[in-house]
file upload-v1.cif (mmCIF, C-alpha atoms and all ligand atoms)
data_my_file
loop_
_atom_site.label_atom_id
_atom_site.label_comp_id
_atom_site.auth_asym_id
_atom_site.auth_seq_id
_atom_site.Cartn_x
_atom_site.Cartn_y
_atom_site.Cartn_z
CA MET A 27 57.25 85.38 112.47
CA SER A 28 59.97 83.64 110.44
CA SER A 29 61.86 85.81 107.95
CA LYS A 30 62.21 82.95 105.44
CA HIS A 31 60.33 82.98 102.15
CA ILE A 32 57.09 81.03 101.94
CA GLU A 33 58.67 78.44 99.54
CA THR A 34 61.44 77.73 102.07
CA GLN A 35 59.02 77.56 105.00
CA ALA A 36 56.92 75.00 103.12
CA ILE A 37 59.99 72.79 102.69
CA ARG A 38 62.22 73.45 105.69
CA THR A 39 59.69 73.53 108.52
CA GLN A 40 60.29 70.12 109.95
CA MET A 41 59.59 68.17 113.09
CA GLU A 42 62.55 67.11 115.24
CA ARG A 43 64.57 64.26 113.65
CA SER A 44 64.39 60.85 115.32
CA GLN A 45 67.50 58.89 116.41
CA PHE A 46 67.72 57.57 112.81
CA LEU A 47 68.47 61.05 111.46
CA GLU A 48 66.10 60.59 108.54
CA HIS A 49 66.10 63.29 105.84
CA SER A 50 62.46 62.94 104.83
CA ASN A 51 59.97 63.09 107.67
CA PRO A 52 58.71 59.80 109.12
CA LEU A 53 55.06 58.94 109.60
CA TYR A 54 54.02 58.58 113.24
CA LEU A 55 51.19 56.08 113.15
CA THR A 56 50.39 56.06 116.83
CA SER A 57 47.14 56.78 118.59
CA SER A 58 48.76 57.55 121.95
CA TYR A 59 52.07 58.39 123.67
CA VAL A 60 53.74 57.12 126.83
CA PHE A 61 54.63 58.97 130.02
CA GLU A 62 57.80 58.78 132.14
CA ASP A 63 55.95 58.42 135.44
CA ALA A 64 52.83 59.46 137.35
CA GLU A 65 54.03 63.05 137.73
CA ASP A 66 54.78 63.39 134.00
CA MET A 67 51.30 62.07 133.24
CA ARG A 68 49.61 64.38 135.76
CA ALA A 69 51.44 67.47 134.50
CA SER A 70 50.69 66.59 130.87
CA PHE A 71 46.97 66.24 131.49
CA ALA A 72 47.01 69.46 133.51
CA ASP A 73 48.35 71.25 130.37
CA GLU A 74 51.50 72.19 132.30
CA LYS A 75 53.59 70.55 129.56
CA GLN A 76 53.46 70.99 125.79
CA ARG A 77 53.63 67.39 124.60
CA ASN A 78 51.71 64.74 122.70
CA ILE A 79 49.17 62.84 124.81
CA TYR A 80 46.74 61.29 122.34
CA SER A 81 46.47 61.73 118.55
CA ARG A 82 42.96 63.22 118.81
CA TYR A 83 44.71 66.14 120.57
CA SER A 84 47.96 66.29 118.58
CA ASN A 85 50.47 64.18 116.66
CA PRO A 86 53.95 65.07 115.28
CA ASN A 87 52.69 64.83 111.69
CA THR A 88 49.65 67.03 112.24
CA SER A 89 51.73 69.51 114.27
CA GLU A 90 54.22 69.83 111.41
CA PHE A 91 51.42 70.43 108.89
CA VAL A 92 49.81 73.02 111.19
CA GLU A 93 53.11 74.79 111.81
CA LYS A 94 53.77 75.13 108.08
CA ILE A 95 50.33 76.59 107.34
CA CYS A 96 50.69 78.99 110.29
CA LEU A 97 54.01 80.26 108.94
CA MET A 98 52.63 80.60 105.41
CA GLU A 99 49.44 82.39 106.57
CA GLY A 100 51.17 84.52 109.23
CA ALA A 101 49.02 82.95 111.98
CA GLU A 102 49.88 82.32 115.62
CA ARG A 103 48.36 78.88 115.97
CA GLY A 104 46.13 76.31 114.22
CA TYR A 105 44.32 73.01 114.43
CA ALA A 106 44.05 70.42 111.62
CA PHE A 107 40.83 68.61 110.77
CA ALA A 108 39.70 65.48 108.93
CA SER A 109 38.11 67.59 106.15
CA GLY A 110 37.43 71.17 105.14
CA MET A 111 33.85 70.87 106.39
CA SER A 112 34.91 69.60 109.81
CA ALA A 113 37.14 72.70 109.99
CA VAL A 114 34.23 74.99 109.08
CA PHE A 115 31.74 73.32 111.45
CA SER A 116 34.12 73.00 114.41
CA THR A 117 35.23 76.61 114.02
CA PHE A 118 31.65 77.91 114.21
CA ALA A 119 30.69 75.45 116.96
CA ALA A 120 33.70 76.38 119.09
CA ILE A 121 33.44 80.16 118.93
CA LEU A 122 29.65 80.70 118.82
CA ASN A 123 26.97 80.33 121.49
CA ALA A 124 23.23 79.75 121.20
CA GLY A 125 21.58 83.00 120.10
CA ASP A 126 24.57 84.32 118.14
CA HIS A 127 24.27 85.62 114.58
CA ILE A 128 26.51 85.33 111.49
CA VAL A 129 26.72 87.77 108.58
CA SER A 130 27.92 85.79 105.58
CA CYS A 131 28.48 86.26 101.89
CA ARG A 132 25.81 84.35 99.93
CA SER A 133 28.41 82.89 97.53
CA ILE A 134 29.89 80.21 99.75
CA PHE A 135 30.50 76.49 99.35
CA GLY A 136 27.25 74.43 99.24
CA SER A 137 27.82 72.43 102.45
CA THR A 138 28.72 75.63 104.32
CA GLN A 139 25.37 77.08 103.16
CA THR A 140 23.62 73.96 104.45
CA LEU A 141 25.46 74.36 107.75
CA LEU A 142 24.32 77.99 108.08
CA ASN A 143 20.76 77.37 106.83
CA ASN A 144 19.85 74.01 108.37
CA ILE A 145 22.33 72.88 111.04
CA LEU A 146 23.43 75.88 113.11
CA PRO A 147 19.78 77.07 113.52
CA LYS A 148 19.24 73.88 115.60
CA TRP A 149 21.25 75.72 118.27
CA ASN A 150 19.53 79.03 117.54
CA ILE A 151 22.52 80.41 115.61
CA SER A 152 21.06 82.51 112.79
CA ASN A 153 22.49 84.29 109.75
CA ASN A 154 21.93 86.92 107.08
CA TYR A 155 23.56 86.94 103.67
CA PHE A 156 25.06 89.73 101.57
CA LYS A 157 25.77 89.41 97.85
CA VAL A 158 29.31 89.67 96.47
CA ASP A 159 28.61 93.16 95.10
CA GLU A 160 26.75 94.39 98.21
CA LEU A 161 29.53 95.05 100.70
CA ASP A 162 27.95 98.46 101.35
CA LYS A 163 24.89 96.67 102.81
CA ILE A 164 26.81 94.58 105.36
CA GLU A 165 26.59 97.15 108.17
CA ASN A 166 22.77 97.13 107.88
CA LEU A 167 22.78 93.35 108.50
CA ILE A 168 24.79 93.58 111.72
CA GLN A 169 22.67 92.96 114.83
CA PRO A 170 23.52 93.27 118.55
CA ASN A 171 24.05 89.46 118.62
CA THR A 172 26.24 89.32 115.46
CA LYS A 173 29.57 87.64 116.22
CA VAL A 174 31.05 86.71 112.85
CA ILE A 175 31.58 87.96 109.29
CA TYR A 176 32.18 85.02 106.98
CA ALA A 177 33.27 84.89 103.31
CA GLU A 178 35.27 83.08 100.64
CA SER A 179 37.41 84.77 98.01
CA PRO A 180 37.63 83.78 95.19
CA THR A 181 34.11 82.35 95.45
CA ASN A 182 32.99 78.90 94.38
CA PRO A 183 31.95 78.38 91.58
CA ALA A 184 31.45 81.88 90.07
CA VAL A 185 35.03 83.07 90.89
CA ASP A 186 34.03 86.48 92.27
CA ILE A 187 36.51 88.43 94.40
CA LEU A 188 35.64 90.11 97.70
CA ASP A 189 37.52 93.09 99.10
CA LEU A 190 39.22 91.50 102.11
CA GLN A 191 40.54 94.80 103.52
CA ARG A 192 37.04 96.29 103.44
CA LEU A 193 35.56 93.24 105.18
CA GLY A 194 38.37 93.33 107.72
CA ASP A 195 37.71 97.03 108.44
CA ILE A 196 33.95 96.43 108.93
CA ALA A 197 34.68 93.50 111.26
CA LYS A 198 37.12 95.57 113.30
CA LYS A 199 34.75 98.55 113.55
CA HIS A 200 31.97 96.32 114.93
CA ASN A 201 34.24 94.07 116.99
CA LEU A 202 33.31 90.95 114.99
CA ILE A 203 35.35 87.83 114.27
CA PHE A 204 36.28 87.90 110.58
CA ILE A 205 36.62 84.40 109.07
CA ILE A 206 37.81 83.66 105.54
CA ASP A 207 37.70 80.32 103.75
CA ASN A 208 40.93 80.68 101.76
CA CYS A 209 40.61 77.36 99.94
CA PHE A 210 40.60 78.68 96.36
CA ALA A 211 43.64 80.92 96.89
CA THR A 212 45.86 78.79 99.16
CA PRO A 213 48.29 80.53 101.56
CA TYR A 214 50.69 80.88 98.64
CA LEU A 215 48.44 83.27 96.67
CA GLN A 216 46.69 85.17 99.47
CA GLN A 217 47.13 85.69 103.21
CA PRO A 218 43.83 87.07 104.60
CA ILE A 219 45.32 87.80 108.04
CA LYS A 220 47.20 90.71 106.42
CA PHE A 221 43.79 92.22 105.63
CA GLY A 222 42.36 91.75 109.11
CA ALA A 223 41.06 88.15 109.12
CA ASP A 224 40.96 86.63 112.60
CA LEU A 225 40.63 83.05 111.39
CA VAL A 226 41.53 81.43 108.07
CA ILE A 227 40.05 78.08 107.03
CA HIS A 228 41.22 75.70 104.31
CA SER A 229 39.86 72.59 102.72
CA ALA A 230 43.30 70.96 102.34
CA THR A 231 41.59 68.42 100.08
CA LYS A 232 41.99 70.85 97.17
CA LEU A 233 45.23 72.50 96.03
CA ILE A 234 47.06 71.79 99.28
CA ASP A 235 46.92 68.04 98.61
CA GLY A 236 46.88 68.80 94.90
CA GLN A 237 46.61 65.22 93.73
CA GLY A 238 43.10 64.23 94.78
CA ARG A 239 44.28 61.68 97.35
CA VAL A 240 43.15 62.67 100.83
CA LEU A 241 40.63 64.82 102.69
CA GLY A 242 41.86 67.38 105.17
CA GLY A 243 41.10 70.77 106.65
CA ILE A 244 42.68 73.38 108.89
CA THR A 245 41.82 76.55 110.79
CA VAL A 246 44.56 79.02 111.75
CA GLY A 247 44.49 82.38 113.51
CA SER A 248 45.04 84.02 116.87
CA SER A 249 46.13 81.85 119.83
CA GLU A 250 43.08 82.97 121.80
CA LEU A 251 40.52 81.81 119.20
CA ILE A 252 42.44 78.65 118.30
CA GLN A 253 42.54 77.65 121.98
CA LYS A 254 38.71 77.57 121.94
CA ILE A 255 38.74 75.57 118.70
CA TYR A 256 41.39 73.20 120.09
CA LEU A 257 39.45 72.51 123.31
CA PHE A 258 36.22 71.94 121.35
CA SER A 259 37.95 69.63 118.87
CA ARG A 260 40.08 67.61 121.27
CA ASN A 261 36.86 66.62 123.01
CA THR A 262 34.62 66.12 119.97
CA GLY A 263 37.11 64.32 117.70
CA PRO A 264 37.23 65.86 114.18
CA SER A 265 41.05 65.63 114.06
CA LEU A 266 43.15 64.97 110.95
CA SER A 267 44.72 61.49 110.77
CA PRO A 268 48.54 61.30 111.02
CA PHE A 269 48.69 59.62 107.61
CA ASN A 270 46.74 62.40 105.89
CA ALA A 271 48.80 65.00 107.76
CA TRP A 272 52.00 63.37 106.49
CA ILE A 273 50.67 63.49 102.90
CA LEU A 274 49.56 67.11 103.26
CA SER A 275 52.79 68.29 104.86
CA LYS A 276 54.75 66.66 102.01
CA SER A 277 52.35 68.27 99.50
CA LEU A 278 53.08 71.72 100.93
CA GLU A 279 56.73 71.30 99.88
CA THR A 280 55.62 71.56 96.25
CA LEU A 281 52.62 73.88 96.69
CA PRO A 282 54.30 77.05 95.35
CA VAL A 283 55.67 75.40 92.17
CA ARG A 284 52.45 73.51 91.53
CA VAL A 285 50.25 76.56 92.06
CA ASP A 286 52.49 78.68 89.81
CA ARG A 287 51.91 76.21 86.98
CA HIS A 288 48.19 75.80 87.76
CA CYS A 289 47.78 79.58 87.49
CA GLU A 290 49.86 79.83 84.31
CA ASN A 291 47.70 77.12 82.69
CA ALA A 292 44.46 78.68 83.99
CA LEU A 293 45.29 82.08 82.47
CA LYS A 294 45.98 80.40 79.10
CA ILE A 295 42.70 78.49 79.27
CA ALA A 296 40.76 81.62 80.31
CA THR A 297 42.28 83.60 77.43
CA PHE A 298 41.36 80.86 74.96
CA LEU A 299 37.77 80.64 76.26
CA GLU A 300 37.36 84.40 76.04
CA SER A 301 38.11 84.27 72.32
CA HIS A 302 35.64 81.45 71.58
CA HIS A 303 32.39 82.25 69.72
CA ASN A 304 30.32 79.76 71.78
CA VAL A 305 31.25 81.43 75.08
CA ASN A 306 29.20 84.35 76.47
CA PHE A 307 31.65 85.38 79.19
CA VAL A 308 34.66 84.12 81.15
CA LYS A 309 35.41 84.80 84.82
CA TYR A 310 39.05 84.53 85.87
CA PRO A 311 40.51 86.93 88.47
CA PHE A 312 43.62 87.78 86.45
CA LEU A 313 41.75 88.43 83.16
CA LYS A 314 41.38 92.17 82.56
CA SER A 315 37.67 91.61 81.84
CA HIS A 316 37.03 90.30 85.39
CA PRO A 317 34.89 92.90 87.23
CA GLN A 318 37.29 92.82 90.21
CA TYR A 319 40.55 92.52 88.24
CA GLU A 320 42.27 95.42 90.06
CA LEU A 321 41.20 94.08 93.46
CA ALA A 322 42.36 90.57 92.57
CA LYS A 323 45.78 91.98 91.60
CA LYS A 324 45.93 93.83 94.92
CA GLN A 325 45.16 90.91 97.20
CA MET A 326 46.31 87.85 95.23
CA LYS A 327 49.74 86.89 93.89
CA LEU A 328 48.22 85.06 90.86
CA GLY A 329 44.67 84.29 89.73
CA GLY A 330 44.22 80.72 91.04
CA ASN A 331 43.34 77.58 89.11
CA VAL A 332 39.56 77.92 88.71
CA VAL A 333 38.04 79.43 85.58
CA ALA A 334 34.28 79.88 85.17
CA PHE A 335 32.61 80.52 81.84
CA GLU A 336 29.12 80.64 80.38
CA ILE A 337 28.48 78.45 77.38
CA LYS A 338 25.89 79.73 74.90
CA GLY A 339 22.61 77.77 75.07
CA GLY A 340 21.89 77.56 78.81
CA ILE A 341 21.39 74.40 80.91
CA GLU A 342 21.01 72.00 77.97
CA ALA A 343 24.21 73.27 76.32
CA GLY A 344 26.01 72.83 79.67
CA ARG A 345 24.87 69.21 79.98
CA LYS A 346 25.81 68.49 76.38
CA PHE A 347 29.24 70.05 76.97
CA LEU A 348 29.90 67.63 79.87
CA ASN A 349 28.90 64.68 77.67
CA THR A 350 31.30 65.76 74.92
CA ILE A 351 34.37 66.32 77.12
CA GLN A 352 36.99 63.59 76.64
CA LEU A 353 40.26 64.33 78.48
CA LEU A 354 39.03 66.42 81.40
CA SER A 355 37.33 64.63 84.32
CA LEU A 356 33.72 65.04 85.39
CA SER A 357 34.27 65.13 89.15
CA ALA A 358 33.18 67.09 92.21
CA ASN A 359 36.72 67.84 93.39
CA LEU A 360 39.00 70.69 92.38
CA GLY A 361 42.67 71.58 92.73
CA ASP A 362 43.87 68.23 91.34
CA THR A 363 46.72 67.67 88.85
CA ARG A 364 43.91 66.45 86.55
CA SER A 365 41.70 69.16 85.07
CA ILE A 366 38.06 68.85 86.09
CA VAL A 367 34.86 70.32 84.65
CA THR A 368 31.55 70.73 86.46
CA HIS A 369 28.18 72.15 85.46
CA PRO A 370 26.80 73.59 88.74
CA ALA A 371 23.22 74.33 87.53
CA SER A 372 22.51 70.67 86.69
CA THR A 373 24.55 69.09 89.52
CA THR A 374 25.89 70.69 92.73
CA HIS A 375 23.38 73.59 92.69
CA ALA A 376 20.42 71.84 90.97
CA LYS A 377 18.30 71.79 94.15
CA ILE A 378 18.68 75.54 94.76
CA PRO A 379 15.73 77.65 93.47
CA GLU A 380 16.69 79.39 90.22
CA ASP A 381 16.38 82.96 91.58
CA VAL A 382 18.74 82.16 94.50
CA ARG A 383 21.12 80.34 92.14
CA LEU A 384 21.24 83.37 89.84
CA GLN A 385 22.00 85.66 92.81
CA THR A 386 25.29 83.81 93.23
CA GLY A 387 26.14 84.10 89.53
CA ILE A 388 25.31 80.47 88.69
CA THR A 389 23.56 80.80 85.36
CA GLY A 390 22.24 77.78 83.43
CA GLY A 391 25.25 77.71 81.12
CA LEU A 392 27.96 78.29 83.76
CA ILE A 393 30.81 75.77 83.59
CA ARG A 394 33.56 75.57 86.23
CA VAL A 395 36.97 74.37 85.15
CA SER A 396 39.53 73.39 87.76
CA VAL A 397 42.61 73.73 85.62
CA GLY A 398 45.17 71.00 86.25
CA LEU A 399 48.77 70.40 85.30
CA GLU A 400 48.34 68.65 81.94
CA HIS A 401 49.89 70.48 78.98
CA PRO A 402 47.68 73.55 78.38
CA GLU A 403 47.41 72.78 74.66
CA ASP A 404 45.81 69.42 75.45
CA ILE A 405 43.34 71.02 77.87
CA ILE A 406 42.44 73.67 75.28
CA LYS A 407 42.04 71.05 72.55
CA ASP A 408 39.49 69.14 74.65
CA LEU A 409 37.55 72.28 75.65
CA LYS A 410 37.52 73.43 72.00
CA GLN A 411 36.13 70.16 70.64
CA ALA A 412 33.47 70.09 73.38
CA LEU A 413 32.46 73.69 72.63
CA GLU A 414 32.19 72.95 68.91
CA ASN A 415 30.58 69.48 68.84
C1 LIG A 501 35.54 76.68 99.34
C2 LIG A 501 35.38 75.34 99.98
N1 LIG A 501 35.32 75.25 101.31
C3 LIG A 501 35.17 74.07 101.95
C4 LIG A 501 35.05 72.91 101.24
C5 LIG A 501 34.85 71.61 101.97
O1 LIG A 501 36.01 70.88 102.00
P1 LIG A 501 36.07 69.28 102.20
O2 LIG A 501 35.49 68.69 100.98
O3 LIG A 501 37.52 69.02 102.40
O4 LIG A 501 35.26 68.95 103.41
C6 LIG A 501 35.14 72.94 99.84
C7 LIG A 501 35.03 71.68 99.05
O5 LIG A 501 34.88 71.70 97.83
C8 LIG A 501 35.30 74.18 99.19
O6 LIG A 501 35.37 74.27 97.85
#

call {"tool": "encode", "arguments": {"input": "upload-v1.cif", "output": "structure tokens"}}
result
Amino acid sequence: MSSKHIETQAIRTQMERSQFLEHSNPLYLTSSYVFEDAEDMRASFADEKQRNIYSRYSNPNTSEFVEKICLMEGAERGYAFASGMSAVFSTFAAILNAGDHIVSCRSIFGSTQTLLNNILPKWNISNNYFKVDELDKIENLIQPNTKVIYAESPTNPAVDILDLQRLGDIAKKHNLIFIIDNCFATPYLQQPIKFGADLVIHSATKLIDGQGRVLGGITVGSSELIQKIYLFSRNTGPSLSPFNAWILSKSLETLPVRVDRHCENALKIATFLESHHNVNFVKYPFLKSHPQYELAKKQMKLGGNVVAFEIKGGIEAGRKFLNTIQLLSLSANLGDTRSIVTHPASTTHAKIPEDVRLQTGITGGLIRVSVGLEHPEDIIKDLKQALEN
């Protein structure tokens, strides 16, 4: 692994310069590549040569993006996808067989839940869930056909923290593949491989892009597992486009400075919300009141950019809050320069039965704020007027 700091890796990991000796990396908009002769073509297709053949397999821009994330996460190899969900789906599809079983945390992204509940069962891949505070029950859920332990930390949208080392130890003891969706933390704040993760997934659409422009995803981990994911993906076609890879690789150059400021703003917003009389509770990993504050400090560099809080008055108060917000955006994305508020109980999680919703900490009055890079005083001013009007 490189001995350079993560900030330097994000900037100085660079594809080979072309004959023009450009400083900033060019965009390679090409779907395919040419061969010297018949022997070159034969050897390339026989995987005897490491080279670009077709952009569904690899492209200089995607390779650069993948290399950066691998260095930042401490992974051997990776593959970049068109979205976070194509990364999640292709990862499961590549490493699991019909009849396999997944043990997953219940607090996972909505589409990932749909994948586990409705799509993977089509191929007889089943699952059991554990709650964020039930890590002691995981071993009881493991079956002879269990292959994977899956989790996110911090979780979406309730911002709970899971003990990655403990999950890693359980996975190792039972010879399971431990997969973490590290989207909320980014490789700058948390590197799950250090705690035993075999594969790390990102929706690059969030903080990695950071400006709400493109979709992207990536899975990194051991060469052995990524080879399976690569072979699955090069034949099924979920690859990241060169243009989006170029954007995302450029975005990584500023990830550490952006995320530092996102986290600084988020802590200020969380502290303000905690002091407000119309707020029942605030969840932010680096607030002392967070139930897993010590754990968050142990496994994360800073607390991330997502703050969850419960407004007094339940679902109706939550809906009214959204209608009163002026500066912040009502949008489904997160990790943008623009701060975003969502009300999960009346939107993203409205179709989930109330008892299941409550099990993942999504109460009627829960509001999720993706704290952006506007001046924190302006963000606070808007939240304050919406809480008081
Ligand atoms: C934790 C998490 N994982 C995966 C995804 C899916 O990513 P994408 O929207 O890029 O497909 C999201 C999207 O919000 C997410 O929050």

call {"tool": "axis_aligned_box", "arguments": {"input": "upload-v1.cif", "around": "ligand LIG 501 (chain A)", "padding_each_side": "3 Å", "output": "AutoDock Vina command-line options"}}
result
--center_x 36.2 --center_y 72.7 --center_z 100.6 --size_x 8.7 --size_y 14.0 --size_z 11.6

call {"tool": "residues_near_ligand", "arguments": {"input": "upload-v1.cif", "ligand": "ligand LIG 501 (chain A)", "cutoff": "10 Å", "atoms": "only C-alpha atoms and all ligand atoms", "output": "PyMOL selection string"}}
result
chain A and resi 107-115+133-138+177-183+206-211+227-232+240-244+358-361

call {"tool": "residues_around", "arguments": {"input": "upload-v1.cif", "residues": "Asn150 in chain A", "least_positions_apart": "5", "cutoff": "9 Å", "atoms": "only C-alpha atoms", "output": "PyMOL selection string"}}
result
chain A and resi 123-127

call {"tool": "closest_residue", "arguments": {"input": "upload-v1.cif", "among": "A:Asn78, A:Leu278, A:Gln385, A:Leu215", "to": "Gly329 in chain A", "atoms": "only C-alpha atoms"}}
result
A:Leu215

call {"tool": "atom_distance", "arguments": {"input": "upload-v1.cif", "atom1": "CA of Glu403 in chain A", "atom2": "CA of Leu354 in chain A"}}
result
12.5 Å
